[in-house]
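S.K.: Quick one, structure_32.tsv (TSV, N, CA and C atoms):
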chain	number	residue	atom	x	y	z
A	1	MET	N	177.14	-43.58	93.11
A	1	MET	CA	178.48	-43.13	92.76
A	1	MET	C	179.49	-44.18	93.21
A	2	MET	N	180.40	-44.52	92.34
A	2	MET	CA	181.37	-45.56	92.64
A	2	MET	C	182.57	-44.99	93.39
A	3	THR	N	183.04	-45.75	94.36
A	3	THR	CA	184.26	-45.39	95.06
A	3	THR	C	185.41	-45.44	94.07
A	4	ALA	N	186.24	-44.40	94.03
A	4	ALA	CA	187.36	-44.36	93.09
A	4	ALA	C	188.30	-45.53	93.36
A	5	GLN	N	188.68	-46.23	92.29
A	5	GLN	CA	189.56	-47.39	92.42
A	5	GLN	C	190.97	-47.02	92.01
A	6	PRO	N	191.93	-47.21	92.91
A	6	PRO	CA	193.32	-46.98	92.52
A	6	PRO	C	193.80	-48.09	91.59
A	7	GLU	N	194.87	-47.83	90.89
A	7	GLU	CA	195.45	-48.86	90.02
A	7	GLU	C	196.16	-49.90	90.87
A	8	GLY	N	196.29	-51.10	90.32
A	8	GLY	CA	197.06	-52.15	90.97
A	8	GLY	C	196.27	-53.10	91.85
A	9	LEU	N	194.95	-53.05	91.77
A	9	LEU	CA	194.13	-53.96	92.58
A	9	LEU	C	194.05	-55.33	91.91
A	10	TYR	N	193.90	-56.37	92.73
A	10	TYR	CA	193.66	-57.70	92.19
A	10	TYR	C	192.31	-57.72	91.47
A	11	GLU	N	192.19	-58.60	90.48
A	11	GLU	CA	190.92	-58.71	89.75
A	11	GLU	C	189.78	-59.12	90.68
A	12	PHE	N	190.07	-59.98	91.65
A	12	PHE	CA	189.01	-60.37	92.59
A	12	PHE	C	188.56	-59.18	93.43
A	13	THR	N	189.50	-58.35	93.82
A	13	THR	CA	189.15	-57.13	94.57
A	13	THR	C	188.20	-56.28	93.74
A	14	LYS	N	188.47	-56.18	92.45
A	14	LYS	CA	187.59	-55.39	91.56
A	14	LYS	C	186.19	-55.98	91.50
A	15	LEU	N	186.09	-57.31	91.53
A	15	LEU	CA	184.77	-57.96	91.55
A	15	LEU	C	184.02	-57.62	92.85
A	16	VAL	N	184.75	-57.65	93.97
A	16	VAL	CA	184.13	-57.30	95.26
A	16	VAL	C	183.67	-55.85	95.23
A	17	LEU	N	184.50	-54.96	94.71
A	17	LEU	CA	184.12	-53.54	94.63
A	17	LEU	C	182.90	-53.34	93.74
A	18	ALA	N	182.81	-54.10	92.65
A	18	ALA	CA	181.63	-54.01	91.77
A	18	ALA	C	180.37	-54.44	92.52
A	19	SER	N	180.50	-55.47	93.35
A	19	SER	CA	179.36	-55.91	94.15
A	19	SER	C	178.98	-54.86	95.18
A	20	PHE	N	179.97	-54.24	95.81
A	20	PHE	CA	179.68	-53.14	96.74
A	20	PHE	C	178.92	-52.03	96.02
A	21	GLU	N	179.39	-51.68	94.83
A	21	GLU	CA	178.75	-50.60	94.08
A	21	GLU	C	177.28	-50.94	93.79
A	22	ARG	N	177.01	-52.16	93.36
A	22	ARG	CA	175.63	-52.56	93.08
A	22	ARG	C	174.74	-52.48	94.33
A	23	ASN	N	175.37	-52.60	95.50
A	23	ASN	CA	174.62	-52.56	96.76
A	23	ASN	C	174.68	-51.19	97.44
A	24	GLY	N	175.24	-50.21	96.76
A	24	GLY	CA	175.28	-48.85	97.29
A	24	GLY	C	176.31	-48.60	98.38
A	25	VAL	N	177.32	-49.46	98.47
A	25	VAL	CA	178.37	-49.30	99.48
A	25	VAL	C	179.50	-48.45	98.91
A	26	GLU	N	179.81	-47.36	99.61
A	26	GLU	CA	180.98	-46.55	99.26
A	26	GLU	C	182.00	-46.70	100.37
A	27	LEU	N	183.24	-46.87	99.98
A	27	LEU	CA	184.31	-47.08	100.95
A	27	LEU	C	185.09	-45.78	101.13
A	28	PRO	N	185.47	-45.47	102.36
A	28	PRO	CA	186.22	-44.24	102.58
A	28	PRO	C	187.67	-44.30	102.10
A	29	ARG	N	188.23	-45.51	101.99
A	29	ARG	CA	189.62	-45.62	101.54
A	29	ARG	C	189.86	-47.00	100.94
A	30	ILE	N	190.64	-47.03	99.86
A	30	ILE	CA	191.05	-48.28	99.21
A	30	ILE	C	192.56	-48.22	99.04
A	31	GLU	N	193.26	-49.25	99.51
A	31	GLU	CA	194.71	-49.32	99.39
A	31	GLU	C	195.10	-50.56	98.59
A	32	PRO	N	195.73	-50.38	97.41
A	32	PRO	CA	196.18	-51.55	96.65
A	32	PRO	C	197.40	-52.20	97.31
A	33	HIS	N	197.58	-53.48	97.03
A	33	HIS	CA	198.74	-54.20	97.55
A	33	HIS	C	200.02	-53.63	96.94
A	34	ASP	N	201.13	-53.88	97.60
A	34	ASP	CA	202.44	-53.50	97.09
A	34	ASP	C	202.74	-54.42	95.90
A	35	PRO	N	202.98	-53.88	94.71
A	35	PRO	CA	203.19	-54.74	93.53
A	35	PRO	C	204.42	-55.64	93.65
A	36	ASP	N	205.35	-55.31	94.54
A	36	ASP	CA	206.55	-56.13	94.73
A	36	ASP	C	206.35	-57.24	95.76
A	37	ASP	N	205.18	-57.28	96.38
A	37	ASP	CA	204.89	-58.28	97.42
A	37	ASP	C	203.89	-59.30	96.86
A	38	MET	N	204.38	-60.51	96.56
A	38	MET	CA	203.54	-61.55	95.98
A	38	MET	C	202.40	-61.99	96.90
A	39	GLU	N	202.53	-61.73	98.20
A	39	GLU	CA	201.50	-62.12	99.16
A	39	GLU	C	200.76	-60.90	99.71
A	40	GLY	N	201.02	-59.73	99.15
A	40	GLY	CA	200.42	-58.50	99.65
A	40	GLY	C	198.91	-58.48	99.49
A	41	ALA	N	198.27	-57.68	100.33
A	41	ALA	CA	196.81	-57.61	100.34
A	41	ALA	C	196.33	-56.23	99.90
A	42	ASP	N	195.22	-56.23	99.17
A	42	ASP	CA	194.47	-55.00	98.94
A	42	ASP	C	193.64	-54.77	100.20
A	43	LEU	N	193.55	-53.52	100.64
A	43	LEU	CA	192.77	-53.19	101.84
A	43	LEU	C	191.59	-52.31	101.44
A	44	LEU	N	190.40	-52.78	101.77
A	44	LEU	CA	189.17	-52.04	101.50
A	44	LEU	C	188.63	-51.57	102.85
A	45	TRP	N	188.85	-50.31	103.16
A	45	TRP	CA	188.45	-49.75	104.45
A	45	TRP	C	186.97	-49.44	104.42
A	46	PHE	N	186.22	-49.95	105.40
A	46	PHE	CA	184.80	-49.64	105.48
A	46	PHE	C	184.47	-48.80	106.70
A	47	VAL	N	185.39	-48.70	107.67
A	47	VAL	CA	185.23	-47.80	108.82
A	47	VAL	C	186.58	-47.15	109.10
A	48	LEU	N	186.59	-45.82	109.19
A	48	LEU	CA	187.78	-45.09	109.62
A	48	LEU	C	187.45	-44.44	110.96
A	49	THR	N	188.41	-44.52	111.90
A	49	THR	CA	188.16	-43.97	113.24
A	49	THR	C	189.30	-43.03	113.64
A	50	PRO	N	189.43	-41.89	112.95
A	50	PRO	CA	190.52	-40.97	113.30
A	50	PRO	C	190.37	-40.37	114.69
A	51	GLU	N	189.16	-40.42	115.25
A	51	GLU	CA	188.92	-39.85	116.58
A	51	GLU	C	189.43	-40.76	117.70
A	52	LEU	N	189.80	-42.00	117.39
A	52	LEU	CA	190.27	-42.94	118.41
A	52	LEU	C	191.79	-42.99	118.43
A	53	GLU	N	192.35	-43.04	119.62
A	53	GLU	CA	193.80	-43.10	119.76
A	53	GLU	C	194.38	-44.46	119.39
A	54	LEU	N	193.65	-45.52	119.70
A	54	LEU	CA	194.22	-46.86	119.56
A	54	LEU	C	193.72	-47.65	118.37
A	55	SER	N	192.92	-47.04	117.51
A	55	SER	CA	192.38	-47.75	116.36
A	55	SER	C	192.28	-46.82	115.16
A	56	GLU	N	192.62	-47.36	113.99
A	56	GLU	CA	192.46	-46.58	112.76
A	56	GLU	C	191.16	-46.92	112.05
A	57	GLY	N	190.56	-48.09	112.39
A	57	GLY	CA	189.31	-48.47	111.75
A	57	GLY	C	189.27	-49.95	111.41
A	58	SER	N	188.34	-50.29	110.51
A	58	SER	CA	188.14	-51.68	110.10
A	58	SER	C	188.23	-51.79	108.58
A	59	TYR	N	188.74	-52.92	108.13
A	59	TYR	CA	188.94	-53.10	106.70
A	59	TYR	C	188.78	-54.56	106.30
A	60	LEU	N	188.61	-54.73	105.00
A	60	LEU	CA	188.56	-56.04	104.38
A	60	LEU	C	189.89	-56.21	103.66
A	61	SER	N	190.60	-57.29	103.97
A	61	SER	CA	191.89	-57.59	103.36
A	61	SER	C	191.67	-58.69	102.31
A	62	ILE	N	192.17	-58.47	101.10
A	62	ILE	CA	192.03	-59.46	100.02
A	62	ILE	C	193.41	-59.75	99.45
A	63	ALA	N	193.83	-61.02	99.55
A	63	ALA	CA	195.16	-61.41	99.09
A	63	ALA	C	195.12	-62.81	98.48
A	64	PRO	N	196.00	-63.06	97.49
A	64	PRO	CA	196.03	-64.41	96.92
A	64	PRO	C	196.58	-65.40	97.93
A	65	GLU	N	196.06	-66.60	97.90
A	65	GLU	CA	196.56	-67.68	98.75
A	65	GLU	C	197.68	-68.34	97.96
A	66	ILE	N	198.91	-68.07	98.34
A	66	ILE	CA	200.08	-68.52	97.58
A	66	ILE	C	200.15	-70.04	97.51
A	67	ALA	N	199.81	-70.73	98.58
A	67	ALA	CA	199.86	-72.20	98.59
A	67	ALA	C	198.84	-72.81	97.63
A	68	ASP	N	197.78	-72.09	97.35
A	68	ASP	CA	196.72	-72.56	96.46
A	68	ASP	C	196.35	-71.39	95.55
A	69	GLY	N	197.03	-71.28	94.43
A	69	GLY	CA	196.90	-70.14	93.54
A	69	GLY	C	195.51	-69.87	93.00
A	70	ASP	N	194.59	-70.80	93.19
A	70	ASP	CA	193.23	-70.62	92.68
A	70	ASP	C	192.30	-69.94	93.68
A	71	ARG	N	192.81	-69.61	94.85
A	71	ARG	CA	191.93	-69.04	95.87
A	71	ARG	C	192.51	-67.73	96.41
A	72	PHE	N	191.62	-66.97	97.03
A	72	PHE	CA	192.01	-65.74	97.71
A	72	PHE	C	191.62	-65.83	99.17
A	73	ASN	N	192.43	-65.22	100.02
A	73	ASN	CA	192.08	-65.09	101.43
A	73	ASN	C	191.39	-63.75	101.61
A	74	VAL	N	190.22	-63.78	102.20
A	74	VAL	CA	189.45	-62.57	102.50
A	74	VAL	C	189.32	-62.52	104.02
A	75	ALA	N	189.83	-61.44	104.61
A	75	ALA	CA	189.81	-61.32	106.07
A	75	ALA	C	189.19	-59.98	106.47
A	76	PHE	N	188.35	-60.03	107.48
A	76	PHE	CA	187.79	-58.83	108.09
A	76	PHE	C	188.66	-58.51	109.29
A	77	GLN	N	189.26	-57.30	109.29
A	77	GLN	CA	190.24	-56.97	110.31
A	77	GLN	C	190.02	-55.56	110.86
A	78	ASP	N	190.60	-55.33	112.03
A	78	ASP	CA	190.64	-54.01	112.64
A	78	ASP	C	192.09	-53.56	112.67
A	79	ARG	N	192.34	-52.29	112.39
A	79	ARG	CA	193.70	-51.74	112.48
A	79	ARG	C	193.84	-51.10	113.85
A	80	VAL	N	194.69	-51.70	114.67
A	80	VAL	CA	194.96	-51.15	115.99
A	80	VAL	C	196.38	-50.62	116.02
A	81	CYS	N	196.65	-49.72	116.92
A	81	CYS	CA	197.94	-49.03	116.94
A	81	CYS	C	199.00	-49.76	117.74
A	82	ALA	N	198.66	-50.90	118.33
A	82	ALA	CA	199.64	-51.70	119.06
A	82	ALA	C	199.19	-53.16	119.04
A	83	GLY	N	200.14	-54.05	118.84
A	83	GLY	CA	199.83	-55.47	118.97
A	83	GLY	C	199.32	-56.16	117.72
A	84	GLY	N	199.39	-55.54	116.56
A	84	GLY	CA	198.93	-56.20	115.34
A	84	GLY	C	197.46	-55.97	115.07
A	85	ASP	N	197.03	-56.41	113.91
A	85	ASP	CA	195.65	-56.21	113.48
A	85	ASP	C	194.84	-57.47	113.71
A	86	PRO	N	193.91	-57.45	114.68
A	86	PRO	CA	193.10	-58.64	114.93
A	86	PRO	C	192.16	-58.94	113.77
A	87	THR	N	192.01	-60.22	113.48
A	87	THR	CA	191.09	-60.69	112.45
A	87	THR	C	189.84	-61.20	113.14
A	88	TRP	N	188.67	-60.75	112.69
A	88	TRP	CA	187.42	-61.23	113.30
A	88	TRP	C	186.61	-62.07	112.35
A	89	GLY	N	187.21	-62.46	111.26
A	89	GLY	CA	186.57	-63.38	110.33
A	89	GLY	C	187.39	-63.49	109.07
A	90	ASP	N	187.65	-64.71	108.61
A	90	ASP	CA	188.32	-64.84	107.32
A	90	ASP	C	187.86	-66.10	106.62
A	91	LEU	N	188.07	-66.10	105.30
A	91	LEU	CA	187.66	-67.24	104.49
A	91	LEU	C	188.55	-67.31	103.26
A	92	PHE	N	188.56	-68.47	102.64
A	92	PHE	CA	189.31	-68.69	101.41
A	92	PHE	C	188.30	-68.97	100.32
A	93	VAL	N	188.40	-68.21	99.23
A	93	VAL	CA	187.39	-68.32	98.17
A	93	VAL	C	188.03	-68.39	96.79
A	94	VAL	N	187.35	-69.07	95.89
A	94	VAL	CA	187.71	-69.04	94.47
A	94	VAL	C	187.23	-67.68	93.95
A	95	PRO	N	188.06	-66.98	93.17
A	95	PRO	CA	187.71	-65.62	92.75
A	95	PRO	C	186.65	-65.56	91.64
A	96	THR	N	185.39	-65.70	92.01
A	96	THR	CA	184.28	-65.60	91.06
A	96	THR	C	183.38	-64.44	91.47
A	97	GLN	N	182.54	-63.99	90.55
A	97	GLN	CA	181.60	-62.92	90.89
A	97	GLN	C	180.62	-63.38	91.96
A	98	ALA	N	180.19	-64.64	91.90
A	98	ALA	CA	179.27	-65.15	92.92
A	98	ALA	C	179.90	-65.08	94.31
A	99	ASN	N	181.18	-65.41	94.41
A	99	ASN	CA	181.85	-65.34	95.71
A	99	ASN	C	182.10	-63.89	96.13
A	100	ALA	N	182.37	-63.02	95.17
A	100	ALA	CA	182.51	-61.59	95.49
A	100	ALA	C	181.21	-61.05	96.05
A	101	ASP	N	180.09	-61.49	95.48
A	101	ASP	CA	178.78	-61.07	95.98
A	101	ASP	C	178.56	-61.56	97.41
A	102	LYS	N	179.02	-62.77	97.70
A	102	LYS	CA	178.88	-63.32	99.06
A	102	LYS	C	179.72	-62.52	100.06
A	103	VAL	N	180.94	-62.16	99.65
A	103	VAL	CA	181.80	-61.33	100.52
A	103	VAL	C	181.11	-60.00	100.80
A	104	ALA	N	180.56	-59.38	99.77
A	104	ALA	CA	179.86	-58.11	99.96
A	104	ALA	C	178.67	-58.28	100.90
A	105	GLN	N	177.96	-59.38	100.77
A	105	GLN	CA	176.79	-59.62	101.62
A	105	GLN	C	177.19	-59.76	103.09
A	106	VAL	N	178.33	-60.39	103.35
A	106	VAL	CA	178.81	-60.50	104.73
A	106	VAL	C	179.05	-59.11	105.32
A	107	LEU	N	179.68	-58.23	104.55
A	107	LEU	CA	179.92	-56.87	105.04
A	107	LEU	C	178.61	-56.12	105.24
A	108	LEU	N	177.68	-56.25	104.30
A	108	LEU	CA	176.38	-55.59	104.44
A	108	LEU	C	175.64	-56.07	105.68
A	109	THR	N	175.69	-57.37	105.95
A	109	THR	CA	175.04	-57.92	107.14
A	109	THR	C	175.69	-57.38	108.40
A	110	HIS	N	177.01	-57.32	108.41
A	110	HIS	CA	177.74	-56.78	109.56
A	110	HIS	C	177.34	-55.32	109.81
A	111	GLN	N	177.31	-54.53	108.74
A	111	GLN	CA	176.96	-53.11	108.90
A	111	GLN	C	175.53	-52.95	109.41
A	112	ALA	N	174.61	-53.78	108.93
A	112	ALA	CA	173.22	-53.70	109.39
A	112	ALA	C	173.13	-54.04	110.88
A	113	ARG	N	173.89	-55.04	111.31
A	113	ARG	CA	173.87	-55.42	112.73
A	113	ARG	C	174.48	-54.33	113.60
A	114	GLU	N	175.54	-53.70	113.11
A	114	GLU	CA	176.15	-52.60	113.86
A	114	GLU	C	175.16	-51.45	114.00
A	115	ALA	N	174.42	-51.15	112.94
A	115	ALA	CA	173.42	-50.07	112.99
A	115	ALA	C	172.30	-50.42	113.98
A	116	GLU	N	171.87	-51.68	113.98
A	116	GLU	CA	170.84	-52.11	114.94
A	116	GLU	C	171.35	-51.99	116.37
A	117	LEU	N	172.59	-52.37	116.60
A	117	LEU	CA	173.17	-52.29	117.93
A	117	LEU	C	173.26	-50.83	118.39
A	118	GLN	N	173.67	-49.95	117.49
A	118	GLN	CA	173.76	-48.53	117.84
A	118	GLN	C	172.37	-47.97	118.16
A	119	ALA	N	171.37	-48.33	117.40
A	119	ALA	CA	170.00	-47.87	117.66
A	119	ALA	C	169.52	-48.37	119.02
A	120	LEU	N	169.87	-49.61	119.36
A	120	LEU	CA	169.49	-50.16	120.66
A	120	LEU	C	170.19	-49.41	121.79
A	121	ARG	N	171.47	-49.08	121.61
A	121	ARG	CA	172.19	-48.31	122.63
A	121	ARG	C	171.48	-46.98	122.89
A	122	VAL	N	171.12	-46.30	121.82
A	122	VAL	CA	170.45	-45.00	121.95
A	122	VAL	C	169.09	-45.16	122.62
A	123	ALA	N	168.33	-46.16	122.18
A	123	ALA	CA	166.99	-46.39	122.73
A	123	ALA	C	167.03	-46.72	124.22
A	124	CYS	N	168.09	-47.39	124.63
A	124	CYS	CA	168.21	-47.79	126.04
A	124	CYS	C	168.93	-46.74	126.89
A	125	GLY	N	169.28	-45.62	126.27
A	125	GLY	CA	169.94	-44.56	127.01
A	125	GLY	C	171.41	-44.81	127.26
A	126	GLY	N	171.97	-45.79	126.57
A	126	GLY	CA	173.39	-46.09	126.73
A	126	GLY	C	174.25	-45.16	125.90
A	127	ALA	N	175.52	-45.19	126.18
A	127	ALA	CA	176.46	-44.37	125.44
A	127	ALA	C	176.61	-44.89	124.02
A	128	SER	N	176.85	-43.97	123.11
A	128	SER	CA	177.09	-44.40	121.73
A	128	SER	C	178.51	-44.92	121.63
A	129	LYS	N	178.74	-45.71	120.62
A	129	LYS	CA	180.04	-46.35	120.42
A	129	LYS	C	181.06	-45.33	119.99
For this file, write the structure as structure tokens.

M.R.:
Amino acid sequence: MMTAQPEGLYEFTKLVLASFERNGVELPRIEPHDPDDMEGADLLWFVLTPELELSEGSYLSIAPEIADGDRFNVAFQDRVCAGGDPTWGDLFVVPTQANADKVAQVLLTHQAREAELQALRVACGGASK
């Protein structure tokens, strides 16, 4: 089942979403960029943390690189409630399906590692995240 896509997404964002769909990834929330903001980003939320006071979750930000109109900035970020949103990885890519597939693969790899870490915490008797 495909995650519902709101109107107003960049074409590259749609390519990334298509790659997610092919890999069985459903996103809990998708926010299109503000159409009046030439540098605005589409936000693809892959983790929501309403139970946490200081964090809303993690998302993939996709925005055109204004200085180089042929590329997009893709950033993996966390939404925190104070001090701005830290970026834990970003890259600049030409908007092709092959690059959208690579972006999706990075997220899939991250999610697999998080699942392995959680399983290790449980196996070792540690607290869950």

S.K.: Could you tell me, as JSON, numbers by chain, which residues of chain A DSSP assigns to alpha helix (DSSP H) when given the backbone?

M.R.: {"A": [11, 12, 13, 14, 15, 16, 17, 18, 19, 20, 21, 22, 97, 98, 99, 100, 101, 102, 103, 104, 105, 106, 107, 108, 109, 110, 111, 112, 113, 114, 115, 116, 117, 118, 119, 120, 121, 122, 123]}

S.K.: Would you mind telling me which residue in A:Glu114, A:Glu39, A:Asp101, A:Glu56 lies nearest to Phe72 in chain A when using only C-alpha atoms?

M.R.: A:Glu39

S.K.: If we count all atoms listed in the file and set the cut-off at 8 Å, which residues sit around Ser58 in chain A, ignoring sequence neighbours fewer than 6 positions away in its own chain? Please answer as a list of chain:residue names.

M.R.: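 Once the adjacent positions are removed, what remains is A:Leu43, A:Leu44, A:Trp45, A:Phe46, A:Val47, A:Leu48, A:Thr49, A:Phe76, A:Gln77, A:Asp78, A:Arg79, A:Val80.
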
S.K.: Taking only range 58-113 of chain A into account, list the residues labelled strand (DSSP E or B) by DSSP (computed from the backbone), as a CSV table (one decimal) with N, CA and C atoms, in the frame of the given file.

M.R.:
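part-v2.csv, freshly written:
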chain,number,residue,atom,x,y,z
A,58,SER,N,188.3,-50.3,110.5
A,58,SER,CA,188.1,-51.7,110.1
A,58,SER,C,188.2,-51.8,108.6
A,59,TYR,N,188.7,-52.9,108.1
A,59,TYR,CA,188.9,-53.1,106.7
A,59,TYR,C,188.8,-54.6,106.3
A,60,LEU,N,188.6,-54.7,105.0
A,60,LEU,CA,188.6,-56.0,104.4
A,60,LEU,C,189.9,-56.2,103.7
A,61,SER,N,190.6,-57.3,104.0
A,61,SER,CA,191.9,-57.6,103.4
A,61,SER,C,191.7,-58.7,102.3
A,62,ILE,N,192.2,-58.5,101.1
A,62,ILE,CA,192.0,-59.5,100.0
A,62,ILE,C,193.4,-59.8,99.4
A,63,ALA,N,193.8,-61.0,99.6
A,63,ALA,CA,195.2,-61.4,99.1
A,63,ALA,C,195.1,-62.8,98.5
A,64,PRO,N,196.0,-63.1,97.5
A,64,PRO,CA,196.0,-64.4,96.9
A,64,PRO,C,196.6,-65.4,97.9
A,72,PHE,N,191.6,-67.0,97.0
A,72,PHE,CA,192.0,-65.7,97.7
A,72,PHE,C,191.6,-65.8,99.2
A,73,ASN,N,192.4,-65.2,100.0
A,73,ASN,CA,192.1,-65.1,101.4
A,73,ASN,C,191.4,-63.8,101.6
A,74,VAL,N,190.2,-63.8,102.2
A,74,VAL,CA,189.4,-62.6,102.5
A,74,VAL,C,189.3,-62.5,104.0
A,75,ALA,N,189.8,-61.4,104.6
A,75,ALA,CA,189.8,-61.3,106.1
A,75,ALA,C,189.2,-60.0,106.5
A,76,PHE,N,188.4,-60.0,107.5
A,76,PHE,CA,187.8,-58.8,108.1
A,76,PHE,C,188.7,-58.5,109.3
A,77,GLN,N,189.3,-57.3,109.3
A,77,GLN,CA,190.2,-57.0,110.3
A,77,GLN,C,190.0,-55.6,110.9
A,78,ASP,N,190.6,-55.3,112.0
A,78,ASP,CA,190.6,-54.0,112.6
A,78,ASP,C,192.1,-53.6,112.7
A,79,ARG,N,192.3,-52.3,112.4
A,79,ARG,CA,193.7,-51.7,112.5
A,79,ARG,C,193.8,-51.1,113.8
A,80,VAL,N,194.7,-51.7,114.7
A,80,VAL,CA,195.0,-51.2,116.0
A,80,VAL,C,196.4,-50.6,116.0
A,87,THR,N,192.0,-60.2,113.5
A,87,THR,CA,191.1,-60.7,112.4
A,87,THR,C,189.8,-61.2,113.1
A,88,TRP,N,188.7,-60.8,112.7
A,88,TRP,CA,187.4,-61.2,113.3
A,88,TRP,C,186.6,-62.1,112.4
A,89,GLY,N,187.2,-62.5,111.3
A,89,GLY,CA,186.6,-63.4,110.3
A,89,GLY,C,187.4,-63.5,109.1
A,90,ASP,N,187.6,-64.7,108.6
A,90,ASP,CA,188.3,-64.8,107.3
A,90,ASP,C,187.9,-66.1,106.6
A,91,LEU,N,188.1,-66.1,105.3
A,91,LEU,CA,187.7,-67.2,104.5
A,91,LEU,C,188.6,-67.3,103.3
A,92,PHE,N,188.6,-68.5,102.6
A,92,PHE,CA,189.3,-68.7,101.4
A,92,PHE,C,188.3,-69.0,100.3
A,93,VAL,N,188.4,-68.2,99.2
A,93,VAL,CA,187.4,-68.3,98.2
A,93,VAL,C,188.0,-68.4,96.8

S.K.: Pick from A:Met38, A:Leu60, A:Asn73, A:Pro95: nearest to Glu11 in chain A, with all atoms listed in the file counted?

M.R.: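 Closest candidate: A:Pro95.
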
S.K.: What's the separation between atom C of Arg22 in chain A and atom N of Thr96 in chain A, in Å to one decimal place?

M.R.: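 So the answer is 17.1 Å.
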
S.K.: Between atom C of Ala100 in chain A and atom N of Pro50 in chain A, what is the distance in Å, rounded to a tenth?

M.R.: 26.8 Å

S.K.: Please report the interatomic distance between atom N of Ile30 in chain A and atom C of Tyr59 in chain A in Å with one decimal.

M.R.: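 Taking atom N of Ile30 in chain A as the start and atom C of Tyr59 in chain A as the end point, the length is 10.1 Å.
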
S.K.: Calculated over only C-alpha atoms, which of the candidates A:Gln105, A:Ser61, A:Gln118, A:Gln111 has the smallest distance to Asn23 in chain A?

M.R.: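 The answer is A:Gln105, which sits nearest to Asn23 in chain A.
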
S.K.: Show me the residues close to (188.0, -68.8, 100.1) - anything with an atom within 8 Å, counting all atoms listed in the file - and format the list as a PyMOL selection string.

M.R.: chain A and resi 70-74+90-95

S.K.: Pick the closest to Gly8 in chain A from A:His33, A:Arg121, A:Arg113, A:Lys102: which is it, counting only C-alpha atoms?

M.R.: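 For Gly8 in chain A, the nearest of the candidates is A:His33.
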